[in-house]
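Text of my_file21.cif (mmCIF, N, CA and C atoms and all ligand atoms) as supplied:
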```
data_run
loop_
_atom_site.label_atom_id
_atom_site.label_comp_id
_atom_site.auth_asym_id
_atom_site.auth_seq_id
_atom_site.Cartn_x
_atom_site.Cartn_y
_atom_site.Cartn_z
N MET A 147 15.81 11.98 -101.21
CA MET A 147 16.71 12.10 -102.36
C MET A 147 18.09 11.56 -102.00
N ILE A 148 18.70 10.82 -102.91
CA ILE A 148 20.04 10.25 -102.67
C ILE A 148 21.10 11.31 -102.92
N LYS A 149 22.00 11.46 -101.99
CA LYS A 149 23.06 12.45 -102.16
C LYS A 149 24.17 11.88 -103.06
N PRO A 150 24.56 12.62 -104.10
CA PRO A 150 25.60 12.14 -105.02
C PRO A 150 26.89 11.72 -104.30
N ASN A 151 27.25 12.46 -103.25
CA ASN A 151 28.49 12.12 -102.55
C ASN A 151 28.45 10.74 -101.91
N LEU A 152 27.26 10.39 -101.42
CA LEU A 152 27.12 9.06 -100.79
C LEU A 152 27.27 7.97 -101.84
N VAL A 153 26.66 8.21 -103.01
CA VAL A 153 26.76 7.22 -104.09
C VAL A 153 28.23 7.04 -104.45
N LEU A 154 28.94 8.15 -104.58
CA LEU A 154 30.35 8.11 -104.94
C LEU A 154 31.14 7.33 -103.89
N ALA A 155 30.85 7.63 -102.61
CA ALA A 155 31.57 6.95 -101.53
C ALA A 155 31.30 5.44 -101.58
N ALA A 156 30.04 5.08 -101.84
CA ALA A 156 29.69 3.66 -101.91
C ALA A 156 30.43 2.98 -103.06
N LEU A 157 30.51 3.68 -104.21
CA LEU A 157 31.22 3.11 -105.36
C LEU A 157 32.69 2.91 -105.04
N MET A 158 33.27 3.90 -104.34
CA MET A 158 34.69 3.80 -104.03
C MET A 158 34.97 2.64 -103.08
N ILE A 159 34.11 2.50 -102.07
CA ILE A 159 34.31 1.40 -101.12
C ILE A 159 34.16 0.07 -101.85
N GLY A 160 33.15 0.00 -102.73
CA GLY A 160 32.97 -1.21 -103.53
C GLY A 160 34.20 -1.51 -104.35
N GLY A 161 34.76 -0.48 -104.96
CA GLY A 161 35.95 -0.64 -105.79
C GLY A 161 37.12 -1.16 -104.99
N LEU A 162 37.34 -0.60 -103.81
CA LEU A 162 38.46 -1.03 -102.97
C LEU A 162 38.30 -2.48 -102.55
N ALA A 163 37.06 -2.84 -102.20
CA ALA A 163 36.81 -4.21 -101.76
C ALA A 163 37.14 -5.19 -102.89
N THR A 164 36.74 -4.83 -104.13
CA THR A 164 37.01 -5.72 -105.26
C THR A 164 38.51 -5.86 -105.46
N GLN A 165 39.22 -4.73 -105.36
CA GLN A 165 40.66 -4.78 -105.55
C GLN A 165 41.32 -5.70 -104.52
N GLY A 166 40.89 -5.57 -103.28
CA GLY A 166 41.47 -6.40 -102.24
C GLY A 166 41.25 -7.87 -102.50
N ALA A 167 40.07 -8.22 -102.97
CA ALA A 167 39.73 -9.62 -103.19
C ALA A 167 40.60 -10.24 -104.28
N HIS A 168 40.93 -9.48 -105.34
CA HIS A 168 41.67 -10.06 -106.45
C HIS A 168 43.16 -9.80 -106.39
N ALA A 169 43.56 -8.69 -105.74
CA ALA A 169 44.97 -8.32 -105.62
C ALA A 169 45.71 -8.42 -106.95
N HIS A 170 45.19 -7.77 -107.97
CA HIS A 170 45.82 -7.78 -109.28
C HIS A 170 46.99 -6.83 -109.36
N GLY A 171 48.01 -7.22 -110.10
CA GLY A 171 49.09 -6.31 -110.38
C GLY A 171 48.68 -5.35 -111.50
N ASP A 172 49.50 -4.35 -111.72
CA ASP A 172 49.23 -3.34 -112.73
C ASP A 172 50.12 -3.62 -113.96
N PRO A 173 49.52 -4.15 -115.04
CA PRO A 173 50.34 -4.54 -116.21
C PRO A 173 51.03 -3.36 -116.88
N VAL A 174 50.46 -2.16 -116.74
CA VAL A 174 51.09 -1.00 -117.39
C VAL A 174 52.41 -0.68 -116.69
N HIS A 175 52.38 -0.68 -115.35
CA HIS A 175 53.64 -0.49 -114.63
C HIS A 175 54.58 -1.67 -114.87
N GLY A 176 54.01 -2.88 -114.93
CA GLY A 176 54.82 -4.07 -115.21
C GLY A 176 55.57 -3.95 -116.53
N ASN A 177 54.89 -3.40 -117.51
CA ASN A 177 55.52 -3.20 -118.82
C ASN A 177 56.73 -2.28 -118.71
N SER A 178 56.63 -1.22 -117.90
CA SER A 178 57.77 -0.31 -117.80
C SER A 178 58.91 -0.94 -117.00
N VAL A 179 58.59 -1.77 -116.00
CA VAL A 179 59.65 -2.51 -115.29
C VAL A 179 60.36 -3.45 -116.26
N PHE A 180 59.56 -4.13 -117.10
CA PHE A 180 60.12 -5.04 -118.09
C PHE A 180 61.10 -4.30 -119.02
N THR A 181 60.65 -3.15 -119.52
CA THR A 181 61.49 -2.38 -120.44
C THR A 181 62.80 -1.98 -119.77
N GLN A 182 62.71 -1.56 -118.51
CA GLN A 182 63.92 -1.09 -117.82
C GLN A 182 64.85 -2.21 -117.40
N GLN A 183 64.29 -3.34 -116.94
CA GLN A 183 65.14 -4.32 -116.28
C GLN A 183 65.29 -5.65 -117.00
N CYS A 184 64.44 -5.95 -117.95
CA CYS A 184 64.46 -7.28 -118.55
C CYS A 184 64.74 -7.25 -120.04
N SER A 185 64.32 -6.17 -120.72
CA SER A 185 64.33 -6.20 -122.19
C SER A 185 65.74 -6.21 -122.77
N VAL A 186 66.75 -5.88 -121.96
CA VAL A 186 68.12 -5.99 -122.46
C VAL A 186 68.43 -7.45 -122.79
N CYS A 187 67.83 -8.38 -122.09
CA CYS A 187 68.09 -9.82 -122.31
C CYS A 187 66.88 -10.60 -122.81
N HIS A 188 65.69 -10.04 -122.72
CA HIS A 188 64.48 -10.79 -123.09
C HIS A 188 63.59 -9.99 -124.04
N SER A 189 63.01 -10.69 -125.02
CA SER A 189 62.01 -10.10 -125.88
C SER A 189 60.62 -10.58 -125.43
N ALA A 190 59.62 -9.73 -125.70
CA ALA A 190 58.23 -10.11 -125.41
C ALA A 190 57.57 -10.68 -126.67
N LEU A 191 58.33 -10.80 -127.75
CA LEU A 191 57.77 -11.31 -129.01
C LEU A 191 57.97 -12.82 -129.10
N PRO A 192 57.01 -13.52 -129.73
CA PRO A 192 57.16 -14.97 -129.86
C PRO A 192 58.39 -15.33 -130.69
N ASN A 193 59.06 -16.41 -130.30
CA ASN A 193 60.21 -16.95 -131.05
C ASN A 193 61.39 -16.01 -131.17
N LYS A 194 61.42 -14.96 -130.36
CA LYS A 194 62.58 -14.07 -130.45
C LYS A 194 63.40 -14.19 -129.17
N ASN A 195 64.49 -14.94 -129.25
CA ASN A 195 65.37 -15.08 -128.09
C ASN A 195 66.49 -14.06 -128.19
N LYS A 196 66.91 -13.55 -127.02
CA LYS A 196 68.09 -12.69 -126.98
C LYS A 196 69.12 -13.46 -126.17
N MET A 197 69.77 -12.81 -125.20
CA MET A 197 70.62 -13.59 -124.30
C MET A 197 69.76 -14.54 -123.48
N GLY A 198 68.53 -14.13 -123.19
CA GLY A 198 67.57 -14.99 -122.50
C GLY A 198 66.46 -15.40 -123.46
N PRO A 199 65.66 -16.39 -123.06
CA PRO A 199 64.57 -16.87 -123.93
C PRO A 199 63.44 -15.85 -124.06
N SER A 200 62.69 -15.93 -125.15
CA SER A 200 61.50 -15.10 -125.32
C SER A 200 60.56 -15.30 -124.12
N LEU A 201 59.99 -14.21 -123.64
CA LEU A 201 59.04 -14.34 -122.52
C LEU A 201 57.58 -14.28 -123.00
N PHE A 202 57.40 -14.38 -124.32
CA PHE A 202 56.03 -14.45 -124.83
C PHE A 202 55.40 -15.76 -124.33
N GLY A 203 54.25 -15.64 -123.69
CA GLY A 203 53.54 -16.84 -123.22
C GLY A 203 54.18 -17.53 -122.04
N VAL A 204 55.08 -16.83 -121.34
CA VAL A 204 55.82 -17.52 -120.28
C VAL A 204 54.93 -17.96 -119.12
N ILE A 205 53.94 -17.12 -118.77
CA ILE A 205 53.07 -17.50 -117.65
C ILE A 205 52.19 -18.67 -118.11
N GLY A 206 52.34 -19.79 -117.39
CA GLY A 206 51.60 -21.00 -117.74
C GLY A 206 52.47 -22.07 -118.38
N ARG A 207 53.68 -21.71 -118.85
CA ARG A 207 54.49 -22.76 -119.48
C ARG A 207 55.49 -23.37 -118.49
N LYS A 208 56.00 -24.51 -118.86
CA LYS A 208 56.97 -25.23 -118.04
C LYS A 208 58.31 -24.50 -118.13
N ALA A 209 59.02 -24.42 -117.02
CA ALA A 209 60.33 -23.75 -117.03
C ALA A 209 61.28 -24.48 -117.97
N GLY A 210 62.06 -23.69 -118.72
CA GLY A 210 63.08 -24.27 -119.59
C GLY A 210 62.52 -25.04 -120.77
N SER A 211 61.41 -24.62 -121.34
CA SER A 211 60.72 -25.47 -122.33
C SER A 211 60.66 -24.90 -123.75
N ILE A 212 61.35 -23.78 -124.02
CA ILE A 212 61.36 -23.29 -125.41
C ILE A 212 62.35 -24.13 -126.21
N ASP A 213 61.92 -24.63 -127.38
CA ASP A 213 62.74 -25.56 -128.16
C ASP A 213 64.06 -24.97 -128.64
N ASN A 214 63.99 -23.75 -129.16
CA ASN A 214 65.20 -23.23 -129.81
C ASN A 214 66.04 -22.35 -128.87
N PHE A 215 65.95 -22.59 -127.57
CA PHE A 215 66.82 -21.86 -126.64
C PHE A 215 67.64 -22.87 -125.85
N SER A 216 68.92 -22.57 -125.69
CA SER A 216 69.81 -23.48 -124.99
C SER A 216 69.89 -23.11 -123.50
N TYR A 217 69.07 -23.77 -122.69
CA TYR A 217 68.97 -23.47 -121.26
C TYR A 217 70.08 -24.18 -120.46
N SER A 218 70.29 -23.72 -119.25
CA SER A 218 71.15 -24.44 -118.32
C SER A 218 70.42 -25.71 -117.86
N ASP A 219 71.19 -26.70 -117.42
CA ASP A 219 70.55 -27.91 -116.85
C ASP A 219 69.73 -27.53 -115.63
N ALA A 220 70.21 -26.53 -114.88
CA ALA A 220 69.52 -26.13 -113.65
C ALA A 220 68.05 -25.82 -113.91
N ILE A 221 67.78 -25.04 -114.95
CA ILE A 221 66.39 -24.64 -115.21
C ILE A 221 65.63 -25.78 -115.90
N LYS A 222 66.31 -26.51 -116.79
CA LYS A 222 65.63 -27.62 -117.49
C LYS A 222 65.18 -28.70 -116.50
N ASN A 223 66.01 -28.95 -115.49
CA ASN A 223 65.70 -30.02 -114.54
C ASN A 223 64.88 -29.54 -113.34
N SER A 224 64.45 -28.28 -113.37
CA SER A 224 63.79 -27.72 -112.18
C SER A 224 62.36 -28.26 -112.02
N SER A 225 61.77 -28.75 -113.09
CA SER A 225 60.37 -29.19 -113.13
C SER A 225 59.39 -28.19 -112.51
N LEU A 226 59.70 -26.91 -112.71
CA LEU A 226 58.78 -25.86 -112.27
C LEU A 226 57.86 -25.48 -113.42
N LYS A 227 56.71 -24.93 -113.06
CA LYS A 227 55.82 -24.34 -114.06
C LYS A 227 55.64 -22.87 -113.68
N TRP A 228 55.68 -21.99 -114.68
CA TRP A 228 55.60 -20.55 -114.40
C TRP A 228 54.18 -20.08 -114.15
N THR A 229 53.68 -20.36 -112.96
CA THR A 229 52.46 -19.68 -112.53
C THR A 229 52.89 -18.28 -112.11
N GLU A 230 51.96 -17.37 -111.89
CA GLU A 230 52.35 -16.03 -111.45
C GLU A 230 53.09 -16.10 -110.11
N ASP A 231 52.64 -16.98 -109.21
CA ASP A 231 53.28 -17.09 -107.89
C ASP A 231 54.72 -17.60 -107.99
N VAL A 232 54.91 -18.63 -108.80
CA VAL A 232 56.27 -19.17 -108.97
C VAL A 232 57.16 -18.13 -109.62
N PHE A 233 56.61 -17.45 -110.62
CA PHE A 233 57.39 -16.40 -111.28
C PHE A 233 57.81 -15.33 -110.28
N GLU A 234 56.88 -14.89 -109.42
CA GLU A 234 57.21 -13.83 -108.46
C GLU A 234 58.29 -14.28 -107.48
N ALA A 235 58.23 -15.54 -107.07
CA ALA A 235 59.27 -16.06 -106.17
C ALA A 235 60.62 -16.11 -106.89
N TYR A 236 60.59 -16.49 -108.17
CA TYR A 236 61.82 -16.58 -108.96
C TYR A 236 62.47 -15.21 -109.10
N ILE A 237 61.67 -14.22 -109.50
CA ILE A 237 62.24 -12.93 -109.85
C ILE A 237 62.70 -12.16 -108.60
N ALA A 238 62.21 -12.57 -107.43
CA ALA A 238 62.70 -11.98 -106.18
C ALA A 238 64.16 -12.38 -105.95
N ALA A 239 64.52 -13.59 -106.33
CA ALA A 239 65.88 -14.10 -106.10
C ALA A 239 66.10 -15.33 -106.98
N PRO A 240 66.44 -15.10 -108.27
CA PRO A 240 66.51 -16.21 -109.23
C PRO A 240 67.35 -17.39 -108.75
N ASN A 241 68.53 -17.09 -108.21
CA ASN A 241 69.42 -18.17 -107.81
C ASN A 241 68.99 -18.93 -106.57
N LYS A 242 68.08 -18.34 -105.85
CA LYS A 242 67.58 -19.00 -104.65
C LYS A 242 66.52 -20.04 -105.03
N LEU A 243 65.64 -19.64 -105.95
CA LEU A 243 64.60 -20.59 -106.36
C LEU A 243 65.19 -21.70 -107.24
N ILE A 244 66.12 -21.32 -108.13
CA ILE A 244 66.74 -22.30 -109.04
C ILE A 244 68.26 -22.17 -108.92
N PRO A 245 68.86 -22.87 -107.96
CA PRO A 245 70.31 -22.76 -107.78
C PRO A 245 71.03 -23.16 -109.07
N GLY A 246 71.96 -22.30 -109.51
CA GLY A 246 72.72 -22.59 -110.72
C GLY A 246 72.10 -22.04 -111.99
N VAL A 247 70.98 -21.32 -111.89
CA VAL A 247 70.35 -20.74 -113.08
C VAL A 247 71.33 -19.71 -113.68
N LYS A 248 71.37 -19.66 -115.03
CA LYS A 248 72.33 -18.76 -115.67
C LYS A 248 71.64 -17.47 -116.10
N MET A 249 70.98 -16.85 -115.19
CA MET A 249 70.38 -15.54 -115.47
C MET A 249 71.05 -14.57 -114.51
N TYR A 250 71.86 -13.68 -115.08
CA TYR A 250 72.66 -12.80 -114.23
C TYR A 250 71.85 -11.57 -113.85
N TYR A 251 71.01 -11.77 -112.90
CA TYR A 251 70.09 -10.73 -112.43
C TYR A 251 69.90 -11.00 -110.94
N ASP A 252 70.18 -10.00 -110.11
CA ASP A 252 70.19 -10.21 -108.66
C ASP A 252 68.82 -10.46 -108.06
N GLY A 253 67.80 -9.85 -108.66
CA GLY A 253 66.46 -10.00 -108.08
C GLY A 253 65.79 -8.65 -107.96
N LEU A 254 64.47 -8.70 -107.94
CA LEU A 254 63.65 -7.48 -107.87
C LEU A 254 63.09 -7.39 -106.46
N ALA A 255 63.57 -6.39 -105.71
CA ALA A 255 63.24 -6.33 -104.28
C ALA A 255 61.78 -5.92 -104.00
N ASP A 256 61.22 -5.10 -104.87
CA ASP A 256 59.91 -4.53 -104.58
C ASP A 256 58.76 -5.49 -104.95
N ALA A 257 58.02 -5.94 -103.93
CA ALA A 257 56.96 -6.94 -104.13
C ALA A 257 55.89 -6.45 -105.10
N GLN A 258 55.52 -5.17 -105.01
CA GLN A 258 54.49 -4.65 -105.91
C GLN A 258 54.98 -4.71 -107.36
N SER A 259 56.23 -4.38 -107.58
CA SER A 259 56.78 -4.44 -108.94
C SER A 259 56.81 -5.87 -109.46
N ARG A 260 57.06 -6.83 -108.58
CA ARG A 260 57.06 -8.24 -109.00
C ARG A 260 55.67 -8.66 -109.44
N GLU A 261 54.68 -8.21 -108.68
CA GLU A 261 53.30 -8.55 -109.02
C GLU A 261 52.88 -7.87 -110.32
N ASP A 262 53.31 -6.62 -110.50
CA ASP A 262 52.99 -5.87 -111.71
C ASP A 262 53.63 -6.54 -112.93
N LEU A 263 54.85 -6.99 -112.75
CA LEU A 263 55.56 -7.67 -113.82
C LEU A 263 54.84 -8.97 -114.21
N ALA A 264 54.41 -9.72 -113.21
CA ALA A 264 53.66 -10.96 -113.47
C ALA A 264 52.38 -10.65 -114.23
N ALA A 265 51.70 -9.57 -113.84
CA ALA A 265 50.45 -9.19 -114.52
C ALA A 265 50.73 -8.81 -115.97
N TYR A 266 51.83 -8.13 -116.21
CA TYR A 266 52.21 -7.78 -117.58
C TYR A 266 52.52 -9.03 -118.40
N LEU A 267 53.36 -9.91 -117.85
CA LEU A 267 53.75 -11.12 -118.60
C LEU A 267 52.53 -11.97 -118.92
N ALA A 268 51.54 -11.97 -118.02
CA ALA A 268 50.32 -12.76 -118.24
C ALA A 268 49.52 -12.24 -119.44
N THR A 269 49.78 -11.00 -119.87
CA THR A 269 49.05 -10.46 -121.03
C THR A 269 49.69 -10.93 -122.35
N LEU A 270 50.88 -11.51 -122.30
CA LEU A 270 51.59 -11.88 -123.52
C LEU A 270 51.18 -13.28 -124.00
N HIS A 271 50.00 -13.35 -124.60
CA HIS A 271 49.54 -14.65 -125.12
C HIS A 271 48.94 -14.49 -126.49
C1 LIG A 301 71.57 -10.34 -118.04
C2 LIG A 301 70.50 -10.92 -118.83
C3 LIG A 301 69.15 -11.14 -118.16
C4 LIG A 301 68.37 -10.22 -117.49
C5 LIG A 301 68.69 -8.77 -117.16
C6 LIG A 301 67.13 -10.92 -117.17
N1 LIG A 301 67.18 -12.21 -117.61
FE1 LIG A 301 65.73 -13.64 -117.43
N2 LIG A 301 66.93 -15.03 -118.23
C7 LIG A 301 68.20 -14.79 -118.76
C8 LIG A 301 68.79 -16.05 -119.19
C9 LIG A 301 70.16 -16.23 -119.84
C10 LIG A 301 67.83 -17.06 -118.89
C11 LIG A 301 68.01 -18.59 -119.08
C12 LIG A 301 68.62 -19.11 -117.78
C13 LIG A 301 69.16 -20.52 -117.83
O1 LIG A 301 69.16 -21.17 -118.88
O2 LIG A 301 69.61 -20.97 -116.75
C14 LIG A 301 66.68 -16.38 -118.31
C15 LIG A 301 65.50 -17.02 -117.93
C16 LIG A 301 64.36 -16.37 -117.52
C17 LIG A 301 63.09 -17.00 -117.25
C18 LIG A 301 62.76 -18.47 -117.47
C19 LIG A 301 62.12 -18.60 -118.85
C20 LIG A 301 61.79 -20.00 -119.31
O3 LIG A 301 61.57 -20.16 -120.53
O4 LIG A 301 61.73 -20.93 -118.50
C21 LIG A 301 62.22 -16.03 -116.86
C22 LIG A 301 60.77 -16.21 -116.47
C23 LIG A 301 62.96 -14.79 -116.87
N3 LIG A 301 64.25 -15.02 -117.26
C24 LIG A 301 62.41 -13.56 -116.54
C25 LIG A 301 63.14 -12.37 -116.45
C26 LIG A 301 62.57 -11.11 -116.06
C27 LIG A 301 61.10 -10.86 -115.79
C28 LIG A 301 63.59 -10.20 -116.01
C29 LIG A 301 63.55 -8.75 -115.58
C30 LIG A 301 63.13 -8.51 -114.22
C31 LIG A 301 64.80 -10.90 -116.42
N4 LIG A 301 64.48 -12.22 -116.68
C32 LIG A 301 66.06 -10.33 -116.52
C33 LIG A 301 68.82 -13.56 -118.85
C34 LIG A 301 68.40 -12.39 -118.23
#
```

What's the structure tokens form of this structure?
Ligand code: HEC
Amino acid sequence: MIKPNLVLAALMIGGLATQGAHAHGDPVHGNSVFTQQCSVCHSALPNKNKMGPSLFGVIGRKAGSIDNFSYSDAIKNSSLKWTEDVFEAYIAAPNKLIPGVKMYYDGLADAQSREDLAAYLATLH
């Protein structure tokens, strides 16, 4: 007879292995980071710019590419594309990745929060 505890242990190990392989961020936590640190300047709704451009659909688009937002030359000329990796590097230290960017935000020190934020932004499509 199979012991229920062993089955549970096997499921848990399987679950951990899957997590390690994909290393996904947590979009629910990402959403709360967004609300606390970004929403003062950014909306998650399409076509709604605040002091910063709308972040709807940002993952996958070219940096500085929303038509009705007036970007700095620094970001327009960066020729970056917002993959999750590029985004995470940017949000760690915006001015380091794009010198002269006009986003007055020092950076998000916690790597897990950066990944969670990227996972949240990736849901906005
Ligand atoms: C004080 C206001 C402010 C805060 C806070 C802020 N941003 Fe920004 N953000 C801006 C501005 C302004 C720009 C445009 C920069 C430029 O034109 O150089 C920008 C640009 C961006 C871009 C580039 C978008 C594009 O269309 O290329 C991303 C991505 C971004 N911000 C993400 C974030 C995230 C995520 C947070 C929270 C961790 C955040 N920002 C916090 C003002 C802000």

Return as CSV the residues of chain A lying at most 6.5 Å from ligand LIG 301 (chain A), together with the closest atom-to-atom pair for each and the distance in Å to one decimal, counting only N, CA and C atoms and all ligand atoms, with rows in chain order and ascending residue number.
```
residue,atom,partner,partner_atom,distance
A:Val179,C,A:LIG301,C30,6.1
A:Phe180,CA,A:LIG301,C29,5.6
A:Gln183,C,A:LIG301,C29,3.8
A:Cys184,CA,A:LIG301,C29,3.4
A:Ser185,N,A:LIG301,C29,5.8
A:Val186,C,A:LIG301,C2,5.7
A:Cys187,CA,A:LIG301,C2,4.4
A:His188,N,A:LIG301,C34,5.7
A:Met197,C,A:LIG301,C9,4.0
A:Gly198,CA,A:LIG301,C8,3.7
A:Pro199,N,A:LIG301,C10,4.7
A:Ser200,C,A:LIG301,O3,6.1
A:Leu201,CA,A:LIG301,C19,6.4
A:Val204,CA,A:LIG301,O3,6.3
A:Lys208,C,A:LIG301,O4,5.0
A:Ala209,CA,A:LIG301,O4,3.5
A:Gly210,N,A:LIG301,O4,2.8
A:Ser211,N,A:LIG301,O3,4.5
A:Ile212,N,A:LIG301,O3,5.0
A:Ser216,C,A:LIG301,O1,5.1
A:Tyr217,CA,A:LIG301,O1,3.3
A:Ser218,N,A:LIG301,O1,2.8
A:Asp219,N,A:LIG301,O2,6.0
A:Ala220,C,A:LIG301,O2,5.8
A:Ile221,N,A:LIG301,O2,4.8
A:Lys222,N,A:LIG301,O1,6.4
A:Phe233,CA,A:LIG301,C22,6.2
A:Ile237,CA,A:LIG301,C30,6.3
A:Gly246,C,A:LIG301,O2,5.5
A:Val247,C,A:LIG301,O2,3.7
A:Lys248,N,A:LIG301,O2,2.8
A:Met249,CA,A:LIG301,C7,4.0
A:Tyr250,C,A:LIG301,C1,4.4
A:Tyr251,CA,A:LIG301,C5,5.3
A:Leu254,N,A:LIG301,C30,6.4
```

Could you pull out the alpha helix (DSSP H) residues of chain A, going by DSSP on the backbone, and write them as a PyMOL selection string?
chain A and resi 150-168+173-183+219-222+230-238+240-243+257-267

Could you pull the residues within 7 Å of stretch 261-269 of chain A, counting only N, CA and C atoms, minus those fewer than 4 positions along the same chain, as a PyMOL selection string?
chain A and resi 170-177+179-180+201+203-205+230+233-234+256-257

Could you work out how far atom N of A:Pro245 lies from atom CA of A:Ser225, giving the answer in Å with one decimal?
11.8 Å

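With distances restricted to only C-alpha atoms, A:Leu243 is the closest residue to A:Asp231 from A:Ala190, A:Leu270, A:Leu243, A:Ala255.
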